[in-house]
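J.: This is the content of input_9.tsv (TSV, C-alpha atoms):
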```tsv
chain	number	residue	atom	x	y	z
D	48	MET	CA	37.87	31.19	53.11
D	49	THR	CA	36.52	32.89	49.98
D	50	ASP	CA	36.97	32.25	46.28
D	51	SER	CA	38.21	34.73	43.68
D	52	LYS	CA	34.74	36.33	43.44
D	53	GLY	CA	34.43	36.88	47.19
D	54	ALA	CA	32.07	33.99	47.92
D	55	PRO	CA	32.81	31.66	50.85
D	56	THR	CA	34.06	28.20	50.00
D	57	GLY	CA	32.91	26.41	53.17
D	58	ALA	CA	29.36	25.87	54.41
D	59	VAL	CA	27.39	27.30	57.32
D	60	ASP	CA	25.72	24.97	59.79
D	61	GLN	CA	22.23	26.47	59.46
D	62	PHE	CA	20.27	29.01	57.45
D	63	GLU	CA	16.70	30.16	58.05
D	64	VAL	CA	14.49	33.00	56.84
D	65	LEU	CA	12.88	34.24	60.05
D	66	PHE	CA	10.44	36.60	58.34
D	67	ALA	CA	9.67	37.28	54.68
D	68	GLY	CA	9.15	41.01	54.21
D	69	TYR	CA	6.98	43.14	51.94
D	70	VAL	CA	6.83	46.62	50.43
D	71	PRO	CA	3.94	48.79	49.14
D	72	PRO	CA	3.01	48.66	45.43
D	73	ALA	CA	4.18	52.26	44.99
D	74	VAL	CA	7.27	53.78	46.59
D	75	PRO	CA	7.40	56.46	47.84
D	76	TRP	CA	3.82	56.70	49.02
D	77	GLU	CA	1.89	59.92	49.58
D	78	VAL	CA	3.25	62.25	52.23
D	79	GLY	CA	1.15	62.10	55.38
D	80	THR	CA	-0.02	58.54	54.79
D	81	ALA	CA	1.36	55.26	56.15
D	82	GLY	CA	2.83	52.48	54.06
D	83	SER	CA	3.25	48.95	55.40
D	84	VAL	CA	6.89	47.91	54.98
D	85	ALA	CA	8.73	44.93	56.46
D	86	SER	CA	12.26	43.70	55.99
D	87	THR	CA	13.15	40.13	55.18
D	88	VAL	CA	15.04	38.92	58.26
D	89	ALA	CA	17.36	35.92	58.14
D	90	PHE	CA	19.44	33.80	60.52
D	91	LEU	CA	22.73	31.98	60.03
D	92	ARG	CA	24.57	29.63	62.36
D	93	ASP	CA	28.27	29.26	61.58
D	94	GLY	CA	30.11	27.43	64.33
D	95	ASP	CA	29.81	29.46	67.51
D	96	GLN	CA	28.55	32.54	65.67
D	97	LEU	CA	24.80	33.16	65.48
D	98	ILE	CA	24.07	35.85	62.88
D	99	VAL	CA	20.93	37.86	62.10
D	100	VAL	CA	20.70	39.79	58.83
D	101	ASP	CA	18.54	42.95	58.55
D	102	PRO	CA	16.47	43.03	61.76
D	103	GLY	CA	14.27	45.85	60.52
D	104	PHE	CA	10.56	46.63	60.43
D	105	VAL	CA	8.28	43.66	61.18
D	106	PRO	CA	4.67	43.51	62.45
D	107	SER	CA	5.88	42.78	65.99
D	108	ARG	CA	9.06	41.77	67.77
D	109	GLY	CA	7.67	38.26	67.96
D	110	SER	CA	8.00	38.08	64.16
D	111	ILE	CA	11.75	37.80	64.77
D	112	LEU	CA	12.01	36.39	68.28
D	113	ASP	CA	9.42	33.60	68.01
D	114	PRO	CA	11.10	31.86	65.02
D	115	LEU	CA	14.44	32.13	66.83
D	116	ARG	CA	12.98	30.53	69.95
D	117	GLU	CA	11.62	27.71	67.80
D	118	LEU	CA	15.25	27.11	66.82
D	119	GLY	CA	16.25	27.09	70.50
D	120	ILE	CA	17.86	30.53	70.35
D	121	GLU	CA	17.24	33.52	72.62
D	122	ALA	CA	17.90	37.11	71.62
D	123	GLY	CA	20.89	37.30	73.95
D	124	ASP	CA	22.54	34.37	72.14
D	125	ILE	CA	22.94	36.29	68.87
D	126	THR	CA	26.60	37.21	68.33
D	127	ASP	CA	26.41	39.27	65.12
D	128	VAL	CA	23.95	41.46	63.24
D	129	VAL	CA	24.49	42.55	59.62
D	130	PHE	CA	22.81	45.56	58.00
D	131	SER	CA	22.46	45.52	54.22
D	132	HIS	CA	22.19	49.33	54.42
D	133	HIS	CA	21.19	52.03	56.88
D	134	HIS	CA	17.50	52.64	56.16
D	135	PRO	CA	15.41	52.18	59.33
D	136	ASP	CA	13.25	49.45	57.81
D	137	HIS	CA	16.38	47.25	57.87
D	138	THR	CA	17.91	48.32	61.19
D	139	PHE	CA	15.01	49.19	63.50
D	140	ASN	CA	15.14	46.09	65.74
D	141	VAL	CA	18.89	45.77	66.28
D	142	ALA	CA	18.41	46.55	70.00
D	143	LEU	CA	16.68	43.19	70.41
D	144	PHE	CA	20.17	41.64	70.46
D	145	PRO	CA	22.06	43.12	73.43
D	146	ASN	CA	25.17	40.96	73.10
D	147	ALA	CA	25.68	41.20	69.35
D	148	GLN	CA	28.22	43.19	67.43
D	149	ALA	CA	26.88	44.92	64.33
D	150	HIS	CA	28.37	45.01	60.83
D	151	ASP	CA	27.79	47.45	57.98
D	152	VAL	CA	29.71	48.84	55.04
D	153	TRP	CA	32.10	50.84	57.23
D	154	GLY	CA	32.88	48.77	60.27
D	155	ILE	CA	32.06	46.64	63.28
D	156	TYR	CA	30.27	48.11	66.31
D	157	ARG	CA	29.92	46.96	69.91
D	158	ASN	CA	28.93	49.25	72.78
D	159	ASP	CA	31.15	52.34	72.31
D	160	GLN	CA	33.69	50.62	70.05
D	161	TRP	CA	33.83	51.30	66.29
D	162	VAL	CA	36.32	49.16	64.36
D	163	MET	CA	36.87	50.72	60.96
D	164	ARG	CA	37.24	48.23	58.11
D	165	PRO	CA	36.09	47.90	54.48
D	166	ALA	CA	33.17	45.55	53.94
D	167	GLU	CA	34.50	44.23	50.62
D	168	GLY	CA	35.82	40.73	51.24
D	169	PHE	CA	35.33	40.87	55.01
D	170	GLN	CA	34.46	37.56	56.70
D	171	VAL	CA	31.85	37.93	59.43
D	172	SER	CA	32.56	34.30	60.28
D	173	GLU	CA	34.44	31.45	58.66
D	174	ASN	CA	31.73	30.84	56.06
D	175	VAL	CA	29.91	34.19	55.88
D	176	SER	CA	31.41	37.07	53.91
D	177	LEU	CA	30.46	40.56	52.72
D	178	ILE	CA	30.81	42.37	49.41
D	179	GLN	CA	29.90	45.94	48.53
D	180	THR	CA	26.95	46.18	46.13
D	181	PRO	CA	25.88	49.82	45.70
D	182	GLY	CA	22.65	50.72	43.94
D	183	HIS	CA	19.82	51.18	46.43
D	184	THR	CA	22.29	53.28	48.41
D	185	ASP	CA	26.02	53.85	48.02
D	186	GLN	CA	26.48	51.94	51.29
D	187	ASP	CA	24.68	48.72	50.34
D	188	ILE	CA	26.39	45.41	51.06
D	189	THR	CA	25.47	41.82	50.25
D	190	THR	CA	25.97	38.99	52.74
D	191	LEU	CA	27.14	35.72	51.20
D	192	ALA	CA	26.87	32.31	52.82
D	193	ARG	CA	27.41	28.90	51.31
D	194	THR	CA	25.04	26.16	52.43
D	195	ALA	CA	24.82	22.47	51.64
D	196	ASP	CA	22.48	23.44	48.77
D	197	GLY	CA	24.74	26.16	47.33
D	198	LEU	CA	25.51	29.85	47.71
D	199	VAL	CA	22.91	32.15	49.32
D	200	ALA	CA	23.02	35.94	48.77
D	201	PHE	CA	21.25	38.24	51.25
D	202	THR	CA	20.86	41.52	49.38
D	203	HIS	CA	18.75	44.60	48.70
D	204	LEU	CA	19.53	44.49	44.97
D	205	TRP	CA	16.03	43.03	44.63
D	206	TRP	CA	12.94	43.85	46.68
D	207	THR	CA	11.23	40.63	45.62
D	208	GLU	CA	11.79	37.92	43.03
D	209	SER	CA	10.18	39.96	40.26
D	210	ARG	CA	10.66	43.49	41.50
D	211	PRO	CA	13.95	45.34	41.80
D	212	PRO	CA	14.00	48.72	43.54
D	213	GLY	CA	13.11	51.14	40.75
D	214	ASP	CA	13.48	54.69	39.58
D	215	ASP	CA	10.71	55.72	41.99
D	216	THR	CA	13.02	55.02	44.95
D	217	VAL	CA	14.85	58.08	46.23
D	218	GLY	CA	18.62	57.77	46.00
D	219	THR	CA	18.90	54.79	43.70
D	220	ASP	CA	21.72	54.55	41.17
D	221	GLN	CA	20.42	52.43	38.30
D	222	ASP	CA	23.82	51.96	36.63
D	223	ALA	CA	25.28	50.75	39.92
D	224	PHE	CA	22.26	48.47	40.37
D	225	HIS	CA	22.87	46.72	37.06
D	226	THR	CA	26.57	46.31	37.80
D	227	SER	CA	25.95	44.97	41.31
D	228	ARG	CA	23.18	42.61	40.19
D	229	ALA	CA	25.41	41.26	37.45
D	230	ARG	CA	28.17	40.67	39.97
D	231	VAL	CA	25.92	38.72	42.33
D	232	LEU	CA	24.30	36.69	39.55
D	233	ASP	CA	27.74	35.89	38.13
D	234	MET	CA	28.45	34.08	41.41
D	235	LYS	CA	25.66	31.61	40.49
D	236	PRO	CA	23.79	31.75	43.80
D	237	ALA	CA	21.37	28.91	44.44
D	238	LEU	CA	19.14	31.28	46.39
D	239	ILE	CA	18.68	35.04	46.75
D	240	VAL	CA	17.14	36.46	49.94
D	241	PRO	CA	15.82	39.88	48.82
D	242	GLY	CA	15.14	42.96	50.90
D	243	HIS	CA	11.35	42.72	51.06
D	244	GLY	CA	10.19	39.32	49.87
D	245	ALA	CA	10.51	35.56	49.99
D	246	ALA	CA	13.76	33.85	49.07
D	247	PHE	CA	13.95	32.77	45.44
D	248	ALA	CA	16.16	30.83	43.06
D	249	PRO	CA	17.44	33.17	40.33
D	250	SER	CA	16.57	32.38	36.71
D	251	GLU	CA	16.74	33.93	33.27
D	252	THR	CA	13.71	36.07	34.18
D	253	THR	CA	15.34	37.55	37.28
D	254	PRO	CA	15.55	41.34	36.79
D	255	ARG	CA	19.06	42.34	35.81
```
Kindly transcribe the structure held in the file into structure tokens.

T.:
Amino acid sequence: MTDSKGAPTGAVDQFEVLFAGYVPPAVPWEVGTAGSVASTVAFLRDGDQLIVVDPGFVPSRGSILDPLRELGIEAGDITDVVFSHHHPDHTFNVALFPNAQAHDVWGIYRNDQWVMRPAEGFQVSENVSLIQTPGHTDQDITTLARTADGLVAFTHLWWTESRPPGDDTVGTDQDAFHTSRARVLDMKPALIVPGHGAAFAPSETTPR
């Protein structure tokens, strides 16, 4: 179930950040050079569904698989993967989860099956829902999950607590960013899990 803003009203059984990502000081970096980029990867348990959000670039596969094993979960146990958007630094390691169906802005994917559906208001599980939040790309979505401590938003509307994706990022729509950030903040999340940093509690200083 979701409320009038699209946030779930129930609570997931478990939430963990598997890996806190990072991004270079300047984006884009110089052509012909390498920049170290890693996605923040998260895990949600909601009943029988085991969900990974944004299994993208990380230093090694163990950065994702080892924390899962510490939770007693193997890669083959994961039932669902959610992509915040389609950039490779957020999708690169989806093949780690051979039994999972994948979710993005357009649909649900398993093997050769593509189920078309809008992301807005879609429930991945009973207590995990999606909303469309364009800005970084037109296809960005935010994953919402309510926990015992409040609402958690998994989103690329912020890279880190203090740094939103900026004008130096190819393809960004700053007006859409402000609208989408305002929408998420209006939901009063207890915690935001950004695209490339540690989870943080939003405050008055959170970039709008």

J.: Would you mind telling me which residue in D:Asn174, D:Gln148, D:Thr189, D:Thr80 lies nearest to Asp93 (chain D) when using all atoms listed in the file?

T.: D:Asn174

J.: Please provide as a PDB file with C-alpha atoms, in the frame of the given file all residues within 8 Å of region 98-104 of chain D, with the sequence filter that same-chain residues fewer than 5 positions apart are discarded (counting only C-alpha atoms).

T.:
```
ATOM      1  CA  VAL D  84       6.890  47.910  54.980  1.00  0.00           C
ATOM      2  CA  ALA D  85       8.730  44.930  56.460  1.00  0.00           C
ATOM      3  CA  SER D  86      12.260  43.700  55.990  1.00  0.00           C
ATOM      4  CA  THR D  87      13.150  40.130  55.180  1.00  0.00           C
ATOM      5  CA  VAL D  88      15.040  38.920  58.260  1.00  0.00           C
ATOM      6  CA  ALA D  89      17.360  35.920  58.140  1.00  0.00           C
ATOM      7  CA  PHE D  90      19.440  33.800  60.520  1.00  0.00           C
ATOM      8  CA  LEU D  91      22.730  31.980  60.030  1.00  0.00           C
ATOM      9  CA  ARG D  92      24.570  29.630  62.360  1.00  0.00           C
ATOM     10  CA  ASP D  93      28.270  29.260  61.580  1.00  0.00           C
ATOM     11  CA  ILE D 111      11.750  37.800  64.770  1.00  0.00           C
ATOM     12  CA  ILE D 125      22.940  36.290  68.870  1.00  0.00           C
ATOM     13  CA  THR D 126      26.600  37.210  68.330  1.00  0.00           C
ATOM     14  CA  ASP D 127      26.410  39.270  65.120  1.00  0.00           C
ATOM     15  CA  VAL D 128      23.950  41.460  63.240  1.00  0.00           C
ATOM     16  CA  VAL D 129      24.490  42.550  59.620  1.00  0.00           C
ATOM     17  CA  PHE D 130      22.810  45.560  58.000  1.00  0.00           C
ATOM     18  CA  SER D 131      22.460  45.520  54.220  1.00  0.00           C
ATOM     19  CA  PRO D 135      15.410  52.180  59.330  1.00  0.00           C
ATOM     20  CA  ASP D 136      13.250  49.450  57.810  1.00  0.00           C
ATOM     21  CA  HIS D 137      16.380  47.250  57.870  1.00  0.00           C
ATOM     22  CA  THR D 138      17.910  48.320  61.190  1.00  0.00           C
ATOM     23  CA  PHE D 139      15.010  49.190  63.500  1.00  0.00           C
ATOM     24  CA  ASN D 140      15.140  46.090  65.740  1.00  0.00           C
ATOM     25  CA  VAL D 141      18.890  45.770  66.280  1.00  0.00           C
ATOM     26  CA  PHE D 201      21.250  38.240  51.250  1.00  0.00           C
TER      27      PHE D 201
END
```

J.: Looking at D:Leu118, D:Ala147, D:Val162, D:Ile239, which one is nearest to Ala200 (chain D), with distances taken over only C-alpha atoms?

T.: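 Closest residue, counting only C-alpha atoms: D:Ile239.
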
J.: Work out how far CA of Thr202 (chain D) is from CA of Gly82 (chain D), in Å to one decimal.

T.: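 Between CA of Gly82 (chain D) and CA of Thr202 (chain D) the gap is 21.6 Å.
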
J.: Can you pull out the residues contacting region 243-251 of chain D? Cut-off 7 Å, using all atoms listed in the file, and skip same-chain residues under 5 positions away; I want them as a VMD selection string.

T.: chain D and resid 67 to 70 85 to 87 206 to 208 237 to 238

J.: Counting only C-alpha atoms, figure out which residue out of D:Val240, D:Leu232, D:Val171, D:Leu204 gets nearest to Ala149 (chain D).

T.: D:Val171

J.: Between D:Ser51, D:Gln96, D:Ser83, D:Ser176, single out the one closest to Ile188 (chain D), counting all atoms listed in the file.

T.: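 Between D:Ser51, D:Gln96, D:Ser83, D:Ser176, the residue approaching Ile188 (chain D) most closely is D:Ser176.
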
J.: Restricting the calculation to only C-alpha atoms: of D:Val78, D:Lys235, D:Ser172, D:Lys52, which residue gets closest to Asp95 (chain D)?

T.: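 The shortest atom-to-atom distance to Asp95 (chain D) comes from D:Ser172.
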
J.: Using only C-alpha atoms, determine which residues lie at most 12 Å from Asp113 (chain D), disregarding the query and same-chain residues fewer than 6 positions distant; provide the list as a short mmCIF file (atom, residue, chain, number, x, y, z; two decimals) with C-alpha atoms, in the coordinates of the input.

T.:
```cif
data_model
loop_
_atom_site.label_atom_id
_atom_site.label_comp_id
_atom_site.auth_asym_id
_atom_site.auth_seq_id
_atom_site.Cartn_x
_atom_site.Cartn_y
_atom_site.Cartn_z
CA LEU D 65 12.88 34.24 60.05
CA PHE D 66 10.44 36.60 58.34
CA SER D 107 5.88 42.78 65.99
CA GLY D 119 16.25 27.09 70.50
CA ILE D 120 17.86 30.53 70.35
CA GLU D 121 17.24 33.52 72.62
CA ALA D 122 17.90 37.11 71.62
#
```

J.: N, CA, C and O atoms are needed for region 87-104 of chain D; please write them out as an mmCIF file, in the coordinates of the input.

T.:
```cif
data_model
loop_
_atom_site.group_PDB
_atom_site.id
_atom_site.type_symbol
_atom_site.label_atom_id
_atom_site.label_comp_id
_atom_site.auth_asym_id
_atom_site.auth_seq_id
_atom_site.Cartn_x
_atom_site.Cartn_y
_atom_site.Cartn_z
ATOM 1 N N THR D 87 12.891 41.560 55.074
ATOM 2 C CA THR D 87 13.150 40.130 55.180
ATOM 3 C C THR D 87 14.310 39.929 56.144
ATOM 4 O O THR D 87 15.386 40.493 55.964
ATOM 5 N N VAL D 88 14.073 39.131 57.188
ATOM 6 C CA VAL D 88 15.040 38.920 58.260
ATOM 7 C C VAL D 88 15.517 37.470 58.205
ATOM 8 O O VAL D 88 14.695 36.550 58.099
ATOM 9 N N ALA D 89 16.818 37.265 58.275
ATOM 10 C CA ALA D 89 17.360 35.920 58.140
ATOM 11 C C ALA D 89 18.315 35.593 59.282
ATOM 12 O O ALA D 89 18.829 36.482 59.979
ATOM 13 N N PHE D 90 18.564 34.298 59.453
ATOM 14 C CA PHE D 90 19.440 33.800 60.520
ATOM 15 C C PHE D 90 20.438 32.813 59.934
ATOM 16 O O PHE D 90 20.099 31.986 59.077
ATOM 17 N N LEU D 91 21.675 32.900 60.429
ATOM 18 C CA LEU D 91 22.730 31.980 60.030
ATOM 19 C C LEU D 91 23.456 31.491 61.271
ATOM 20 O O LEU D 91 23.771 32.279 62.174
ATOM 21 N N ARG D 92 23.717 30.196 61.322
ATOM 22 C CA ARG D 92 24.570 29.630 62.360
ATOM 23 C C ARG D 92 25.847 29.142 61.686
ATOM 24 O O ARG D 92 25.810 28.315 60.765
ATOM 25 N N ASP D 93 26.986 29.659 62.143
ATOM 26 C CA ASP D 93 28.270 29.260 61.580
ATOM 27 C C ASP D 93 29.224 29.005 62.746
ATOM 28 O O ASP D 93 29.811 29.942 63.297
ATOM 29 N N GLY D 94 29.321 27.754 63.149
ATOM 30 C CA GLY D 94 30.110 27.430 64.330
ATOM 31 C C GLY D 94 29.488 28.069 65.550
ATOM 32 O O GLY D 94 28.283 27.928 65.812
ATOM 33 N N ASP D 95 30.298 28.810 66.302
ATOM 34 C CA ASP D 95 29.810 29.460 67.510
ATOM 35 C C ASP D 95 29.129 30.792 67.230
ATOM 36 O O ASP D 95 28.590 31.410 68.157
ATOM 37 N N GLN D 96 29.143 31.240 65.988
ATOM 38 C CA GLN D 96 28.550 32.540 65.670
ATOM 39 C C GLN D 96 27.107 32.366 65.192
ATOM 40 O O GLN D 96 26.812 31.546 64.301
ATOM 41 N N LEU D 97 26.220 33.146 65.812
ATOM 42 C CA LEU D 97 24.800 33.160 65.480
ATOM 43 C C LEU D 97 24.495 34.541 64.921
ATOM 44 O O LEU D 97 24.610 35.545 65.632
ATOM 45 N N ILE D 98 24.105 34.609 63.649
ATOM 46 C CA ILE D 98 24.070 35.850 62.880
ATOM 47 C C ILE D 98 22.652 36.151 62.421
ATOM 48 O O ILE D 98 21.972 35.272 61.865
ATOM 49 N N VAL D 99 22.213 37.390 62.625
ATOM 50 C CA VAL D 99 20.930 37.860 62.100
ATOM 51 C C VAL D 99 21.209 38.929 61.050
ATOM 52 O O VAL D 99 22.029 39.832 61.271
ATOM 53 N N VAL D 100 20.539 38.829 59.916
ATOM 54 C CA VAL D 100 20.700 39.790 58.830
ATOM 55 C C VAL D 100 19.436 40.641 58.707
ATOM 56 O O VAL D 100 18.329 40.112 58.595
ATOM 57 N N ASP D 101 19.600 41.950 58.772
ATOM 58 C CA ASP D 101 18.540 42.950 58.550
ATOM 59 C C ASP D 101 17.349 42.834 59.508
ATOM 60 O O ASP D 101 16.204 42.625 59.080
ATOM 61 N N PRO D 102 17.595 43.034 60.817
ATOM 62 C CA PRO D 102 16.470 43.030 61.760
ATOM 63 C C PRO D 102 15.729 44.360 61.738
ATOM 64 O O PRO D 102 15.853 45.200 62.630
ATOM 65 N N GLY D 103 14.943 44.569 60.715
ATOM 66 C CA GLY D 103 14.270 45.850 60.520
ATOM 67 C C GLY D 103 12.814 45.815 60.904
ATOM 68 O O GLY D 103 12.410 45.130 61.842
ATOM 69 N N PHE D 104 11.989 46.577 60.154
ATOM 70 C CA PHE D 104 10.560 46.630 60.430
ATOM 71 C C PHE D 104 9.933 45.254 60.266
ATOM 72 O O PHE D 104 10.154 44.562 59.262
#
```
